[in-house]
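Here is start_18.cif, consisting of mmCIF, C-alpha atoms:
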```cif
data_coords
#
loop_
_atom_site.label_atom_id
_atom_site.label_comp_id
_atom_site.auth_asym_id
_atom_site.auth_seq_id
_atom_site.Cartn_x
_atom_site.Cartn_y
_atom_site.Cartn_z
CA MET N 25 132.70 65.58 115.74
CA LEU N 26 131.87 69.26 115.63
CA HIS N 27 131.58 70.70 112.11
CA ALA N 28 132.35 74.19 110.85
CA ILE N 29 129.44 76.65 110.72
CA GLU N 30 128.78 79.01 107.83
CA VAL N 31 128.44 82.55 109.24
CA LEU N 32 127.55 85.89 107.61
CA LEU N 33 129.54 88.82 109.07
CA GLU N 34 127.79 92.19 109.31
CA ARG N 35 128.98 95.74 109.91
CA GLU N 36 126.39 98.47 110.52
CA GLY N 37 123.66 96.09 109.38
CA GLN N 38 125.35 95.28 106.03
CA VAL N 39 126.88 91.88 105.17
CA VAL N 40 130.63 92.30 104.54
CA ASP N 41 131.89 88.70 104.43
CA LYS N 42 130.91 85.03 104.70
CA VAL N 43 133.17 82.47 106.41
CA GLU N 44 133.12 78.88 107.65
CA ARG N 45 134.53 78.55 111.16
CA LEU N 46 134.41 76.20 114.11
CA PRO N 47 132.35 77.74 116.95
CA ARG N 48 134.29 79.16 119.93
CA ARG N 49 133.30 79.54 123.58
CA MET N 50 133.76 83.20 124.68
CA PRO N 51 134.74 84.12 128.28
CA ASP N 52 131.11 84.93 129.19
CA GLY N 53 129.95 81.49 127.99
CA SER N 54 128.34 82.68 124.74
CA ILE N 55 129.17 81.16 121.35
CA GLY N 56 131.19 83.18 118.85
CA VAL N 57 133.17 82.93 115.62
CA GLU N 58 136.75 83.97 114.86
CA TYR N 59 137.40 86.60 112.17
CA MET N 60 140.82 88.23 111.48
CA GLY N 61 142.19 87.25 114.90
CA LEU N 62 139.18 88.41 116.96
CA VAL N 63 136.12 86.47 118.15
CA TYR N 64 132.65 88.04 117.76
CA PRO N 65 129.44 86.62 119.34
CA PHE N 66 126.50 85.47 117.24
CA ALA N 67 123.92 88.26 116.91
CA ARG N 68 121.24 85.91 115.52
CA ALA N 69 121.05 82.62 113.64
CA GLY N 70 123.96 82.30 111.22
CA ARG N 71 125.07 85.93 111.63
CA ALA N 72 127.66 87.79 113.70
CA SER N 73 128.03 91.56 114.09
CA LEU N 74 131.46 93.21 113.90
CA ASP N 75 130.14 96.34 115.66
CA GLY N 76 129.65 94.90 119.15
CA ARG N 77 131.77 93.26 121.83
CA TRP N 78 134.67 90.92 121.01
CA CYS N 79 137.61 89.07 122.56
CA TYR N 80 140.95 87.66 121.39
CA SER N 81 141.01 84.19 119.90
CA SER N 82 143.34 83.08 122.71
CA GLU N 83 140.54 83.82 125.19
CA ALA N 84 137.90 81.81 123.27
CA PRO N 85 138.82 78.11 122.80
CA ILE N 86 137.16 76.04 120.09
CA CYS N 87 134.07 74.20 121.35
CA LEU N 88 134.77 70.48 121.75
CA ASP N 89 131.09 69.56 122.27
CA GLU N 90 128.20 69.75 119.90
CA LEU N 91 125.94 72.80 120.32
CA ASP N 92 122.94 71.99 122.45
CA GLU N 93 120.55 73.54 119.93
CA PRO N 94 120.96 74.80 116.33
CA LEU N 95 121.05 78.55 115.87
CA ASP N 96 117.65 78.73 114.19
CA ASP N 97 114.99 81.30 115.08
CA ASP N 98 112.12 79.85 113.03
CA LYS N 99 108.83 78.97 114.79
CA ARG N 100 109.77 80.52 118.16
CA PHE N 101 107.38 82.31 120.44
CA TRP N 102 109.87 85.19 120.85
CA THR N 103 111.83 87.59 118.65
CA ILE N 104 114.47 90.17 119.55
CA ASP N 105 115.07 93.66 118.16
CA ARG N 106 118.51 95.20 118.74
CA SER N 107 118.15 98.10 116.27
CA GLY N 108 117.68 100.76 118.99
CA THR N 109 119.63 101.77 122.05
CA ARG N 110 117.81 99.13 124.12
CA PRO N 111 117.27 95.48 123.09
CA TYR N 112 113.58 94.51 123.02
CA ILE N 113 112.24 90.93 123.22
CA PHE N 114 108.73 90.53 121.74
CA ILE N 115 106.63 87.58 122.93
CA ASN N 116 103.55 86.14 121.24
CA GLY N 117 101.46 84.11 123.66
CA SER N 118 99.52 84.24 126.90
CA GLU N 119 100.36 86.19 130.05
CA ALA N 120 101.43 82.90 131.66
CA LEU N 121 104.04 82.47 128.93
CA LEU N 122 105.30 85.99 129.68
CA GLY N 123 105.53 85.07 133.39
CA GLU N 124 107.59 81.93 132.65
CA THR N 125 109.92 83.98 130.44
CA LEU N 126 110.47 86.58 133.19
CA SER N 127 111.11 83.78 135.70
CA SER N 128 113.77 82.32 133.41
CA PHE N 129 115.49 85.73 133.22
CA ALA N 130 115.34 86.07 137.01
CA ARG N 131 116.93 82.65 137.54
CA ALA N 132 119.71 83.56 135.06
CA LYS N 133 120.18 86.95 136.85
CA ILE N 134 119.48 88.90 133.65
CA PRO N 135 118.10 92.37 134.62
CA VAL N 136 114.80 93.42 133.02
CA GLU N 137 114.19 97.17 132.68
CA HIS N 138 110.49 97.06 131.76
CA HIS N 139 107.79 94.74 130.37
CA GLY N 140 104.11 94.83 129.46
CA PRO N 141 101.62 94.66 126.56
CA SER N 142 103.18 95.60 123.20
CA PHE N 143 101.71 98.22 120.88
CA ARG N 144 104.38 97.78 118.19
CA GLU N 145 103.72 96.19 114.79
CA SER N 146 105.94 93.39 113.51
CA GLU N 147 107.33 93.27 109.94
CA SER N 148 104.19 91.35 108.88
CA GLY N 149 101.96 94.21 110.11
CA LEU N 150 100.56 92.21 113.06
CA LEU N 151 100.85 93.32 116.68
CA HIS N 152 103.07 91.51 119.19
CA ASP N 153 101.42 90.45 122.46
CA TRP N 154 104.13 91.42 125.03
CA PHE N 155 107.49 93.19 125.21
CA VAL N 156 110.46 92.84 127.57
CA ARG N 157 113.14 95.59 127.56
CA LEU N 158 116.65 94.55 128.65
CA GLU N 159 119.73 96.52 129.68
CA PRO N 160 122.27 96.81 126.81
CA ALA N 161 125.28 95.92 128.96
CA THR N 162 123.81 92.65 130.27
CA ALA N 163 121.63 91.57 127.33
CA PRO N 164 122.40 87.97 126.23
CA SER N 165 123.10 86.95 122.64
CA ASP N 166 120.50 85.24 120.45
CA TRP N 167 122.13 81.86 121.03
CA GLU N 168 122.09 82.40 124.80
CA LEU N 169 118.42 83.38 124.65
CA ALA N 170 117.64 80.21 122.68
CA GLN N 171 119.30 78.11 125.40
CA LEU N 172 117.66 80.07 128.21
CA LEU N 173 114.10 79.89 126.79
CA ALA N 174 114.31 76.35 125.46
CA GLU N 175 112.81 74.99 128.70
CA VAL N 176 109.82 77.36 128.76
CA SER N 177 106.88 74.94 128.81
CA GLU N 178 104.16 76.78 126.94
CA PRO N 179 104.39 76.71 123.10
CA LEU N 180 103.28 79.41 120.69
CA VAL N 181 99.55 80.02 121.44
CA ASN N 182 96.97 80.51 118.69
CA SER N 183 95.13 83.84 119.04
CA ASP N 184 91.76 82.06 118.91
CA THR N 185 92.52 79.98 122.05
CA GLY N 186 94.47 82.54 124.12
CA SER N 187 93.84 83.45 127.74
CA PRO N 188 91.16 86.06 128.66
CA ASP N 189 93.91 88.58 129.53
CA LEU N 190 95.48 88.12 126.11
CA MET N 191 92.11 88.43 124.35
CA ILE N 192 91.34 91.58 126.35
CA ALA N 193 94.73 93.13 125.45
CA ARG N 194 94.24 92.35 121.77
CA LEU N 195 90.67 93.67 121.74
CA ARG N 196 91.87 96.85 123.45
CA ARG N 197 94.61 97.40 120.85
CA ASP N 198 92.21 96.70 117.96
CA HIS N 199 89.71 99.16 119.45
CA ASP N 200 92.39 101.85 119.86
CA ARG N 201 93.57 101.40 116.27
CA LEU N 202 89.99 101.62 114.90
CA ALA N 203 89.30 104.66 117.09
CA THR N 204 92.42 106.35 115.73
CA LYS N 205 91.34 105.62 112.14
CA LEU N 206 87.84 106.91 112.89
CA ILE N 207 89.21 110.16 114.33
CA ALA N 208 91.48 110.61 111.29
CA ALA N 209 88.56 109.96 108.93
CA GLU N 210 86.34 112.45 110.79
CA ARG N 211 89.10 115.07 110.67
CA GLU N 212 89.63 114.49 106.95
CA LEU N 213 85.88 114.72 106.34
CA ALA N 214 85.70 117.99 108.28
CA ASP N 215 88.59 119.39 106.20
CA THR N 216 86.89 118.22 102.99
CA LEU N 217 83.58 119.81 104.00
CA SER N 218 85.34 123.06 104.87
CA ASN N 219 87.19 123.08 101.54
CA ALA N 220 83.97 122.21 99.72
CA ASP N 221 82.15 125.13 101.35
CA ALA N 222 84.96 127.52 100.47
CA ASN N 223 85.15 126.24 96.90
CA GLU N 224 81.36 126.39 96.54
CA ALA N 225 81.39 130.04 97.61
CA GLU N 226 84.22 130.74 95.16
CA LEU N 227 82.28 128.94 92.42
CA ALA N 228 79.19 131.06 93.14
CA ARG N 229 81.27 134.23 92.88
CA THR N 230 82.78 133.00 89.61
CA ARG N 231 79.34 132.25 88.21
CA ASP N 232 78.02 135.71 89.15
CA GLU N 233 81.10 137.39 87.66
CA ALA N 234 80.78 135.35 84.45
CA ALA N 235 77.08 136.26 84.17
CA ARG N 236 77.83 139.96 84.66
CA ASN N 237 80.64 139.84 82.08
CA GLU N 238 78.38 138.05 79.60
CA ARG N 239 75.66 140.71 79.92
CA ARG N 240 78.18 143.54 79.63
CA LEU N 241 79.84 142.00 76.60
CA GLU N 242 76.53 141.39 74.87
CA THR N 243 75.50 145.02 75.48
CA GLU N 244 78.80 146.40 74.15
CA ALA N 245 78.65 144.08 71.16
CA ALA N 246 75.12 145.32 70.36
CA PHE N 247 76.28 148.95 70.48
CA LEU N 248 79.26 148.16 68.32
CA ARG N 249 77.14 146.35 65.74
CA ALA N 250 74.80 149.36 65.62
CA GLY N 251 77.77 151.70 65.15
CA LEU N 252 79.17 149.45 62.42
CA GLU N 253 75.85 149.52 60.54
CA ALA N 254 75.75 153.31 60.85
CA VAL N 255 79.28 153.61 59.44
CA ARG N 256 78.41 151.26 56.57
CA SER N 257 75.29 153.30 55.78
CA ARG N 258 77.24 156.57 55.53
CA GLY N 259 79.76 154.93 53.25
CA ALA N 260 82.31 157.68 53.86
CA ALA N 261 85.83 156.80 52.76
CA ASP N 262 87.38 158.57 55.73
CA ASP N 263 85.54 156.17 58.08
CA ALA N 264 87.44 153.08 56.83
CA ASP N 265 89.92 153.25 59.75
CA ALA N 266 87.11 153.61 62.26
CA LEU N 267 85.37 150.63 60.70
CA ARG N 268 88.51 148.53 61.05
CA ASP N 269 88.90 149.55 64.70
CA LEU N 270 85.31 148.60 65.39
CA ARG N 271 85.84 145.16 63.86
CA ILE N 272 88.97 144.66 65.99
CA ARG N 273 87.05 145.59 69.16
CA ILE N 274 84.22 143.24 68.22
CA ASP N 275 86.71 140.38 67.75
CA SER N 276 88.41 141.19 71.07
CA LEU N 277 85.10 141.32 72.95
CA SER N 278 84.03 138.04 71.39
CA SER N 279 87.30 136.46 72.52
CA ASP N 280 86.78 137.80 76.06
CA ARG N 281 83.28 136.37 76.09
CA ASP N 282 84.61 132.96 75.00
CA ASP N 283 87.26 133.05 77.76
CA ALA N 284 84.58 133.86 80.33
CA LEU N 285 82.50 130.92 79.14
CA VAL N 286 85.57 128.62 79.38
CA ALA N 287 86.24 129.82 82.95
CA TRP N 288 82.63 129.16 83.85
CA THR N 289 82.84 125.63 82.41
CA ARG N 290 86.03 124.90 84.39
CA ALA N 291 84.39 126.17 87.57
CA GLU N 292 81.46 123.80 86.97
CA GLU N 293 83.89 120.88 86.49
CA ALA N 294 85.77 121.78 89.70
CA ALA N 295 82.45 121.82 91.58
CA ALA N 296 81.61 118.36 90.24
CA GLN N 297 85.00 116.99 91.34
CA LEU N 298 84.54 118.47 94.82
CA ARG N 299 81.13 116.84 95.11
CA LEU N 300 82.66 113.46 94.14
CA ARG N 301 85.43 113.87 96.75
CA LEU N 302 82.86 114.80 99.39
CA GLU N 303 80.77 111.71 98.60
CA ALA N 304 83.90 109.48 98.76
CA ALA N 305 84.91 110.96 102.14
CA GLN N 306 81.40 110.40 103.52
CA ALA N 307 81.45 106.80 102.27
CA GLU N 308 84.86 106.19 103.89
CA LEU N 309 83.63 107.66 107.19
CA ALA N 310 80.55 105.40 107.09
CA GLU N 311 82.77 102.37 106.38
CA VAL N 312 85.12 103.12 109.30
CA ALA N 313 82.20 103.81 111.66
CA ALA N 314 80.57 100.49 110.65
CA ARG N 315 83.61 98.39 111.62
CA PRO N 316 83.32 96.42 114.87
CA SER N 317 85.33 98.24 117.49
CA GLY N 318 84.91 95.94 120.50
CA PRO N 319 84.85 97.06 124.12
CA THR N 320 87.53 99.17 125.67
CA PHE N 321 89.45 97.45 128.45
CA THR N 322 91.88 100.15 129.52
CA SER N 323 92.74 100.50 133.18
CA LYS N 324 91.36 103.51 135.07
CA ARG N 325 94.83 104.84 135.75
CA GLN N 326 96.00 104.57 132.13
CA GLY N 327 92.68 105.96 130.87
CA ARG N 328 92.95 108.99 133.15
CA ALA N 329 96.56 109.59 132.07
CA ASP N 330 95.64 109.29 128.37
CA ALA N 331 92.64 111.62 128.73
CA GLU N 332 94.61 114.11 130.81
CA LEU N 333 97.49 114.26 128.30
CA GLN N 334 95.12 114.69 125.35
CA THR N 335 93.21 117.44 127.21
CA VAL N 336 96.45 119.30 128.01
CA MET N 337 97.67 119.00 124.42
CA LYS N 338 94.37 120.27 122.99
CA ALA N 339 94.29 123.19 125.44
CA LEU N 340 97.93 124.30 125.08
CA LEU N 341 98.69 123.17 121.52
CA PRO N 342 95.35 123.13 119.66
CA SER N 343 97.02 123.37 116.24
CA ILE N 344 98.88 120.04 116.68
CA ALA N 345 97.21 116.75 115.70
CA PHE N 346 98.98 113.61 116.97
CA VAL N 347 98.89 110.58 114.64
CA ARG N 348 99.72 106.83 114.67
CA GLY N 349 99.50 106.16 118.42
CA SER N 350 101.75 109.07 119.45
CA ILE N 351 99.83 109.62 122.71
CA ASP N 352 100.38 105.96 123.74
CA PHE N 353 104.08 106.25 122.93
CA ILE N 354 104.45 109.44 125.01
CA LEU N 355 102.72 107.81 127.98
CA THR N 356 104.67 104.52 127.90
CA GLU N 357 108.08 105.38 126.44
CA VAL N 358 108.92 109.04 127.20
CA GLU N 359 110.03 109.42 130.84
CA ASP N 360 111.36 112.98 130.59
CA ARG N 361 109.07 115.04 128.32
CA ARG N 362 110.68 118.43 128.69
CA ASP N 363 112.57 118.22 125.40
CA LEU N 364 109.42 116.99 123.59
CA TYR N 365 107.23 119.79 125.00
CA GLY N 366 109.88 122.38 124.13
CA LYS N 367 110.06 121.27 120.50
CA LEU N 368 106.25 121.18 120.20
CA ARG N 369 106.08 124.74 121.57
CA LEU N 370 108.74 125.88 119.05
CA LEU N 371 106.83 124.13 116.26
CA VAL N 372 103.79 126.30 117.01
CA ASP N 373 105.62 129.60 117.72
CA ASN N 374 108.61 129.45 115.36
CA PRO N 375 108.74 126.31 113.14
CA VAL N 376 112.05 127.33 111.50
CA SER N 377 113.88 127.22 114.83
CA VAL N 378 112.98 123.53 115.33
CA GLY N 379 115.72 122.65 112.83
CA GLY N 380 114.02 119.61 111.27
CA LYS N 381 115.34 117.89 108.17
CA ARG N 382 113.39 116.34 105.29
CA VAL N 383 112.49 112.66 105.59
CA HIS N 384 114.02 110.92 102.57
CA ALA N 385 111.51 109.85 99.88
CA VAL N 386 108.54 111.18 101.93
CA ASP N 387 106.60 114.21 100.71
CA GLY N 388 106.32 117.14 103.12
CA TRP N 389 107.42 115.41 106.38
CA LEU N 390 110.30 116.75 108.49
CA GLU N 391 112.26 114.93 111.20
CA VAL N 392 114.05 116.07 114.36
CA HIS N 393 115.69 114.10 117.18
CA MET N 394 114.45 114.36 120.73
CA SER N 395 115.27 112.94 124.16
CA THR N 396 113.02 110.37 125.84
CA GLY N 397 114.79 110.48 129.19
CA ARG N 398 116.19 106.96 128.76
CA GLY N 399 119.23 107.64 126.62
CA ARG N 400 117.58 106.30 123.47
CA ASP N 401 117.07 108.33 120.33
CA GLY N 402 113.48 109.65 120.06
CA ARG N 403 112.07 110.88 116.78
CA LEU N 404 109.61 113.74 116.11
CA TYR N 405 108.09 113.79 112.61
CA TYR N 406 105.90 116.74 111.60
CA LYS N 407 104.10 118.04 108.51
CA LYS N 408 102.34 121.34 107.83
CA ARG N 409 98.60 121.11 107.32
CA GLU N 410 96.11 123.82 106.33
CA HIS N 411 94.95 124.33 109.93
CA GLY N 412 98.04 123.30 111.89
CA TRP N 413 100.55 120.43 112.14
CA SER N 414 100.38 116.64 111.95
CA VAL N 415 102.88 115.17 114.47
CA LEU N 416 104.18 111.60 114.92
CA VAL N 417 106.17 110.87 118.12
CA SER N 418 108.24 107.65 117.92
CA ASP N 419 111.80 106.34 118.26
CA LYS N 420 114.58 104.97 116.11
CA ALA N 421 113.55 101.35 116.74
CA ALA N 422 110.31 101.90 114.80
CA GLN N 423 111.87 104.12 112.12
CA ALA N 424 111.53 101.64 109.22
CA ASN N 425 107.80 101.07 109.86
CA ASP N 426 107.27 104.81 110.47
CA PHE N 427 108.83 105.67 107.08
CA GLN N 428 106.55 103.19 105.31
CA TRP N 429 103.53 104.75 107.04
CA LEU N 430 104.64 108.33 106.28
CA LYS N 431 104.88 107.52 102.55
CA THR N 432 101.14 106.78 102.56
CA GLN N 433 100.17 110.12 104.10
#
```
Can you give me the file's structure in the form of structure tokens?
Amino acid sequence: MLHAIEVLLEREGQVVDKVERLPRRMPDGSIGVEYMGLVYPFARAGRASLDGRWCYSSEAPICLDELDEPLDDDKRFWTIDRSGTRPYIFINGSEALLGETLSSFARAKIPVEHHGPSFRESESGLLHDWFVRLEPATAPSDWELAQLLAEVSEPLVNSDTGSPDLMIARLRRDHDRLATKLIAAERELADTLSNADANEAELARTRDEAARNERRLETEAAFLRAGLEAVRSRGAADDADALRDLRIRIDSLSSDRDDALVAWTRAEEAAAQLRLRLEAAQAELAEVAARPSGPTFTSKRQGRADAELQTVMKALLPSIAFVRGSIDFILTEVEDRRDLYGKLRLLVDNPVSVGGKRVHAVDGWLEVHMSTGRGRDGRLYYKKREHGWSVLVSDKAAQANDFQWLKTQ
């Protein structure tokens, strides 16, 4: 006999209720749960979203048979992300496993918009191996995906025993990430060296000024002491006011000399701190450069496109530094780049007209929406630097991970 299932009901990603209901078969064959007279499909194991499609309870009879498989997404080779405008399925395994998955979708007549190696990090911080992007209107539910992929023969593959294609893709991603960190470290070192040179010149000027002030103050103090002795020797009563003024000037000059010595000491301390920061930056650069990077296995076509885009950006927008894999995202995810290029041009010519808003709980970063040419919400994050702008190009699907990364910058 079929038992009731405990289901958490969500609205806009927040749990609003928990019910126990018998599962119902919706008109499209998916499994759903009844709530306040309407039937909503399962979004993932034990959860149903009130924001999506629904049908009347009269159109969804109670299931009389046991479910073929429990709604449990633990230990699967695939995960699904529905947070953006397009549902993404991420697959961990070999290229053969990806091929079997695509074949299963083809047999079920489920359209696939795009697929390929994934450059997106999971919640654990590790990279997925492959991605498959589906159309929102025809994307199956989590339960339907579990039924559809249950017959895929290859299990979850350990990264140490993966196929050569999988190992090459992972080595390529690891190399790209290390190269990005190396470039960032070199840029930070160059900025530190530039600041150190400027501060060293300022420190030299401060030292020279302090030395000149010290000599001048010592000379004036000597003259004042001589004048004071002369006044004392005359002993004239009418010189008492002049004597008092001389003492006041001596005290003031002594105070000025002490302030100059304090400023000199602070300048010496600032120079020591700058030297420590320079040594730390050099050590960090040496550490990043010493990491194993592995060979680069990019295709000629992708390599030419990446190099061409970076060359164009450096030539036309030299003050913009792209961070966190923005170039890869532009190449693979942005089909129509006119809106992106327009906002980058405004950022250089007139930053106020870009209309960005502050990123909550992140220091100095601003955010503005942009079009990717696919109807999904793109995101452009930017922050003012001393010699230009740091820019991160991404989308809403990666917003949570992007915010965590921005907090560290």
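This file, filtered with the PyMOL selection byres ((chain N and resi 394) around 8), gives the residues N:Asp363, N:Leu364, N:Val392, N:His393, N:Ser395, N:Thr396, N:Asp401, N:Gly402, N:Arg403, N:Leu404.
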Selection file, C-alpha atoms, as a compact mmCIF listing (two decimals), in the frame of the given file:
```
# COMPACT_ATOMS: atom_id res chain seq x y z
CA ASP N 363 112.57 118.22 125.40
CA LEU N 364 109.42 116.99 123.59
CA VAL N 392 114.05 116.07 114.36
CA HIS N 393 115.69 114.10 117.18
CA SER N 395 115.27 112.94 124.16
CA THR N 396 113.02 110.37 125.84
CA ASP N 401 117.07 108.33 120.33
CA GLY N 402 113.48 109.65 120.06
CA ARG N 403 112.07 110.88 116.78
CA LEU N 404 109.61 113.74 116.11
```
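CA of Val31 (chain N) to CA of Leu169 (chain N) spans 18.4 Å [interatomic distance, one decimal].
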* With a distance cut-off of 8 Å and only C-alpha atoms, select the neighbouring residues of region 217-221 of chain N, excluding the residue or stretch itself and same-chain residues fewer than 4 positions from it, and output the selection as a PyMOL selection string. => chain N and resi 213+225+298-299+302
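For the choices N:His384, N:Val372, N:Leu151, N:Asp426, the atom-to-atom distance to Trp413 (chain N) is smallest for N:Val372 when using only C-alpha atoms.
The space separating CA of Gln297 (chain N) from CA of His411 (chain N) comes to 22.3 Å.
A straight line drawn from CA of Ser377 (chain N) to CA of Gly349 (chain N) is 25.8 Å long.
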* Write out as a PyMOL selection string which residues come within 9 Å of Phe353 (chain N) when counting only C-alpha atoms, dropping same-chain ones fewer than 6 positions away. => chain N and resi 143+417-418
Report as a PDB file with C-alpha atoms, in the coordinates of the input all protein, DNA and RNA residues lying within 8 Å of region 239-254 of chain N, evaluated on all atoms listed in the file, omitting residues in the same chain fewer than 5 positions from it.
```pdb
ATOM      1  CA  LEU N 267      85.370 150.630  60.700  1.00  0.00           C
ATOM      2  CA  LEU N 270      85.310 148.600  65.390  1.00  0.00           C
ATOM      3  CA  ILE N 274      84.220 143.240  68.220  1.00  0.00           C
ATOM      4  CA  LEU N 277      85.100 141.320  72.950  1.00  0.00           C
ATOM      5  CA  SER N 278      84.030 138.040  71.390  1.00  0.00           C
ATOM      6  CA  ARG N 281      83.280 136.370  76.090  1.00  0.00           C
TER       7      ARG N 281
END
```
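Counting only C-alpha atoms and comparing N:Arg110, N:Arg268, N:His139, N:Arg369, the residue that lies closest to Leu122 (chain N) is N:His139.
Distances from N:Val347, N:Leu62, N:Ile134, N:Cys79 to Met50 (chain N) were compared using all atoms listed in the file, and the smallest one belongs to N:Cys79.
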Would you please take region 393-417 of chain N of the structure in the block above and write C-alpha atoms to a file as a tab-separated table (two decimals), in the first residue's frame?
```tsv
chain	number	residue	atom	x	y	z
N	393	HIS	CA	22.46	43.82	-14.86
N	394	MET	CA	23.34	43.04	-18.45
N	395	SER	CA	21.98	40.98	-21.34
N	396	THR	CA	23.71	37.79	-22.48
N	397	GLY	CA	21.62	37.34	-25.61
N	398	ARG	CA	19.86	34.27	-24.20
N	399	GLY	CA	17.17	35.86	-22.09
N	400	ARG	CA	18.98	35.10	-18.83
N	401	ASP	CA	20.07	37.72	-16.35
N	402	GLY	CA	23.80	38.54	-16.69
N	403	ARG	CA	25.69	40.30	-13.93
N	404	LEU	CA	28.53	42.86	-14.20
N	405	TYR	CA	30.42	43.53	-10.94
N	406	TYR	CA	33.04	46.28	-10.88
N	407	LYS	CA	35.31	48.02	-8.35
N	408	LYS	CA	37.52	51.10	-8.66
N	409	ARG	CA	41.23	50.47	-8.39
N	410	GLU	CA	44.13	52.94	-8.30
N	411	HIS	CA	44.94	52.41	-11.99
N	412	GLY	CA	41.55	51.39	-13.40
N	413	TRP	CA	38.70	48.94	-12.72
N	414	SER	CA	38.44	45.31	-11.60
N	415	VAL	CA	35.53	43.66	-13.48
N	416	LEU	CA	33.76	40.31	-12.92
N	417	VAL	CA	31.36	39.13	-15.67
```
